[in-house]
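J.: One structure, pasted below without further comment.
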Amino acid sequence: MKKKLFQNYSFEFDKNERKVLTSFCNQAIKQMQGDERFFKDIRAFESIIKKLEGDANPVKLTKEEKTKLVFQLKENVKYFQKEMDKSWFLKKWLMKNMFKQYNNLLTKHFEN
């Protein structure tokens, strides 16, 4: 199987997806802010936020930004799935919406 030489990192997000990704990136920055080890990650998420807030459509990400975003989204989906499996109805009901949004983003835009 041949490997693609060039990949397209342009994504067309609708208004709701932009809001979800912006809040996700802001949340990730807040969690990583105090540690110097995550300097590159913070810089990548800040760059993603600037691109999402701009009016450019499609949003063009770099390879590094895409990989960091996809990795964090996958980790959050795993976390939500694990928490929903072991929780009761109310907590499961509260987490289900975010799980669906992140999972839809991954399957619609970032699935290889």
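Residues in the structure tokens are numbered from 1 in each chain, the chains being A, B, ... in the order shown, and ligands are numbered from 1 in the order shown.
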Find the residues around Asp14 of chain A up to 12 Å (only C-alpha atoms counted), leave out those fewer than 6 positions away in its own chain, and share them as an MDAnalysis selection string.
T.: chainID A and resid 20:21 52:53 55:59 105 108:109
J.: From a DSSP calculation on the backbone, collect every residue of segment 3-102 of chain A in strand (DSSP E) and output the set as a PyMOL selection string.
T.: chain A and resi 10-11+59-60
J.: Keeping C-alpha atoms, export the residues of the selection given above as a compact mmCIF listing (two decimals), in the first residue's frame.
T.:
```txt
# COMPACT_ATOMS: atom_id res chain seq x y z
CA SER A 10 -7.49 22.02 5.33
CA PHE A 11 -10.76 21.47 7.16
CA VAL A 59 -9.15 26.30 8.16
CA LYS A 60 -5.60 25.33 7.25
```
J.: I want to know what sits within 12 Å of Asn103 of chain A, based on only C-alpha atoms, with residues of the same chain fewer than 5 positions away left out; could you give that as number ranges by chain?
T.: A: 17, 20, 70, 72-81, 96-98, 108-111
J.: What does the distance between atom CA of Ser47 of chain A and atom CA of Glu65 of chain A come to in Å, to one decimal place?
T.: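 If I compute the distance from atom CA of Ser47 of chain A to atom CA of Glu65 of chain A, I get 8.0 Å.
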J.: How far is it from atom CA of Phe89 of chain A to atom CA of Asn104 of chain A, in Å with one decimal?
T.: 21.9 Å
J.: Using DSSP on the backbone coordinates, identify all residues within segment 35-112 of chain A classified as helix (DSSP H, G or I); present the result as a PyMOL selection string.
T.: chain A and resi 36-53+63-86+89-109
J.: Do you know which residues are at most 8 Å from Ile48 of chain A counting only C-alpha atoms, after dropping those on the same chain fewer than 2 positions away, and could you put them as a PyMOL selection string?
T.: chain A and resi 22+25+44-46+50-52+61+65
J.: Interatomic distance between atom CA of Phe99 of chain A and atom CA of Asp41 of chain A?
T.: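 We find that atom CA of Phe99 of chain A and atom CA of Asp41 of chain A lie 22.3 Å from each other.
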